[in-house]
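Notes for the one structure printed next.
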Amino acid sequence: MSQIAQISTTLKKLLRQQNVTYKEIAQHLSMSEANIKRIFSTRSFSLDRLEEICNIINISLSDLFLIAEKQQDQLTQLTVEQEKELVSDTKLFLVAVCVRDAWPFKEIIRHYQLTEHECIRLLAKLDKLKMIQLLPNNEYKLLIAQDFRWIPDGPLEQYMASEVISQFMASGFNDEHSFRFYLRGTYSPSSIEIIQRKLNQLTKEAALLNQEDAKLSLDSRKHIGLLVAMRPWELSRFAQLRK
C-alpha cells in the first residue's frame with residue numbers, strides 16, 4: 001500500500017471511530033459533501049486540507065502520520081481463536097501484553113517468572129498466532145495495533161468482565177496517578193455522539209502515548225490501567241420507583 005493510501009485509510013478509520021461523517025466534514029470546511037467524497041475517493045489531499053480534517057478530530061498532522069506508520073498492516077481486532085488462545089494461557093497472555101508495550105525479551109524474563117526457554121516458546125506461539133513477527137536474537141515486530149478492539153462479547157471481553165474489571169475497580173483510587181470519576185446525566189442523541197467522539201479520541205491519544213513511551217526504558221515507565229465505559233443505564237433503585 002502506498003503512503004498516501006495508508007494515510008487515507010488511517011484517516012478514514014479515525015473518522016469512523018469518532019463517528020464523523022463526510023457531511024460533518026463538509027460543514028466544518030464550508031464545502032459540499034460531494035467534494036469531500038471526491039477528495040477521499042481520489043486521495044487528492046493537500047497538506048492544508050489534511051490538516052483541516054485532522055483539526056476536526058483534534059489530532060495533529062504528525063500524529064496522523066505516526067499512527068499511519070505504526071498501524072500499517074497491523075491487526076485492529078483479533079479472531080475468536082486468537083482471543084481464546086490468549087485467555088486460556090496466563091503466561092502467553094502476559095507475554096502478549098508485554099510485547100504490546102514493546103518490552104525487550106531480556107526485560108520480560110528479568111521481571112517475571114519465565115525462563116529464557118519458556119519465553120522463546122511463548123514468543124514463537126505469538127508468532128504462530130500472527131500477533132508478532134519473530135525476528136533473530138529474540139527481537140520481534142508487533143503486528144497488533146495499539147488501539148485494537150475486543151470482539152463484542154468475545155473471549156477477551158468476557159475475561160475482562162469476569163477477572164480484570166472487578167479487580168481494577170476494587171480500590172480506593174487514592175494513590176498517586178490514580179483517578180476515578182463517575183458521571184451520569186440525561187443527554188440528547190447529539191450530545192451522546194459528542195461524548196462518544198471525545199472518549200474515542202481519548203483512547204486514541206492514550207494508545208499513541210503508549211507507542212511513544214515504548215522508546216523509554218522500563219524503569220521510567222509504570223503499569224497504568226485506564227477504563228473507559230459508557231452505556232444507557234439507570235440505577236436499579238431509581239428504576240424501581242418509576243411509574
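Ordering of the C-alpha cells sets the chain letters (A, B, ...), residue numbers begin anew at 1 in every chain, and ligands are numbered from 1 in the order given.
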
inquiry  = Which residues are close to Asn19 in chain A, i.e. within 12 Å by only C-alpha atoms, leaving aside same-chain residues fewer than 5 positions away? Reply as a list in words.
reply    = Lys12, Lys13, Leu14, Glu24, Ile25, Ile56, Ile57, Ser190, Ile192, Glu193, Ile194, Ile195, Gln196, Arg197, Lys198, Leu199, Asn200 and Gln201 of chain A

ask   = Between A:Ile59, A:Leu241, A:Ile224, A:Leu208, which has the minimum distance to Asp175 in chain A (counting only C-alpha atoms)?
value =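 The closest residue to Asp175 in chain A is A:Ile224.
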
task = Would you mind telling me which residue in A:Ile53, A:Leu227, A:Ala26, A:Ala145 lies nearest to Ser8 in chain A when using only C-alpha atoms?
result =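 Of A:Ile53, A:Leu227, A:Ala26, A:Ala145, the one nearest Ser8 in chain A is A:Ile53, counting only C-alpha atoms.
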
task = Have a look at A:Met230, A:Cys98, A:Val80, A:Leu64 and name the one nearest to Pro152 in chain A; count only C-alpha atoms.
result =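 That would be A:Val80, the residue with the smallest distance to Pro152 in chain A.
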
ask   = What is the distance between CA of Glu107 in chain A and CA of Lys84 in chain A, in Å to one decimal?
value =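 Straight-line distance from CA of Glu107 in chain A to CA of Lys84 in chain A works out to 26.0 Å.
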
task = In Å, rounded to a single decimal, give me how far CA of Val87 in chain A is from CA of Tyr159 in chain A.
result =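 One can read the CA of Tyr159 in chain A to CA of Val87 in chain A distance as 7.0 Å.
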
message = Under the rule that only C-alpha atoms are counted, which of A:Ile67, A:Gly225, A:Ile39, A:Cys119 is the nearest residue to Gln167 in chain A?
response =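 Among the listed residues, the smallest separation from Gln167 in chain A belongs to A:Gly225.
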
task = Please run DSSP on the backbone and report, as a ChimeraX atom specification, all residues within range 54-167 of chain A that come out as strand (DSSP E).
result = /A:132-134,140-142

ask   = In Å, how far is it from CA of Lys91 in chain A to CA of Leu123 in chain A?
value = 10.5 Å

request  = Please provide as a ChimeraX atom specification all residues within 12 Å of Glu118 in chain A, with the sequence filter that same-chain residues fewer than 5 positions apart are discarded (counting only C-alpha atoms).
outcome  = /A:91-92,95,105,108-109,112-113,123-125

Who sits within 10 Å of range 180-184 of chain A, only C-alpha atoms, same chain under 2 positions skipped, as a VMD selection string = chain A and resid 169 171 to 174 178 186 to 187 226 to 227 230 232 to 234

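In terms of minimum interatomic distance to Asn138 in chain A, A:His117 ranks closest within A:Gln158, A:Thr76, A:His117, A:Lys204, counting only C-alpha atoms.
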
remark   = One residue among A:Leu202, A:Val228, A:Leu86, A:Ile165 is nearest to Leu129 in chain A when using only C-alpha atoms, and that residue is A:Leu86
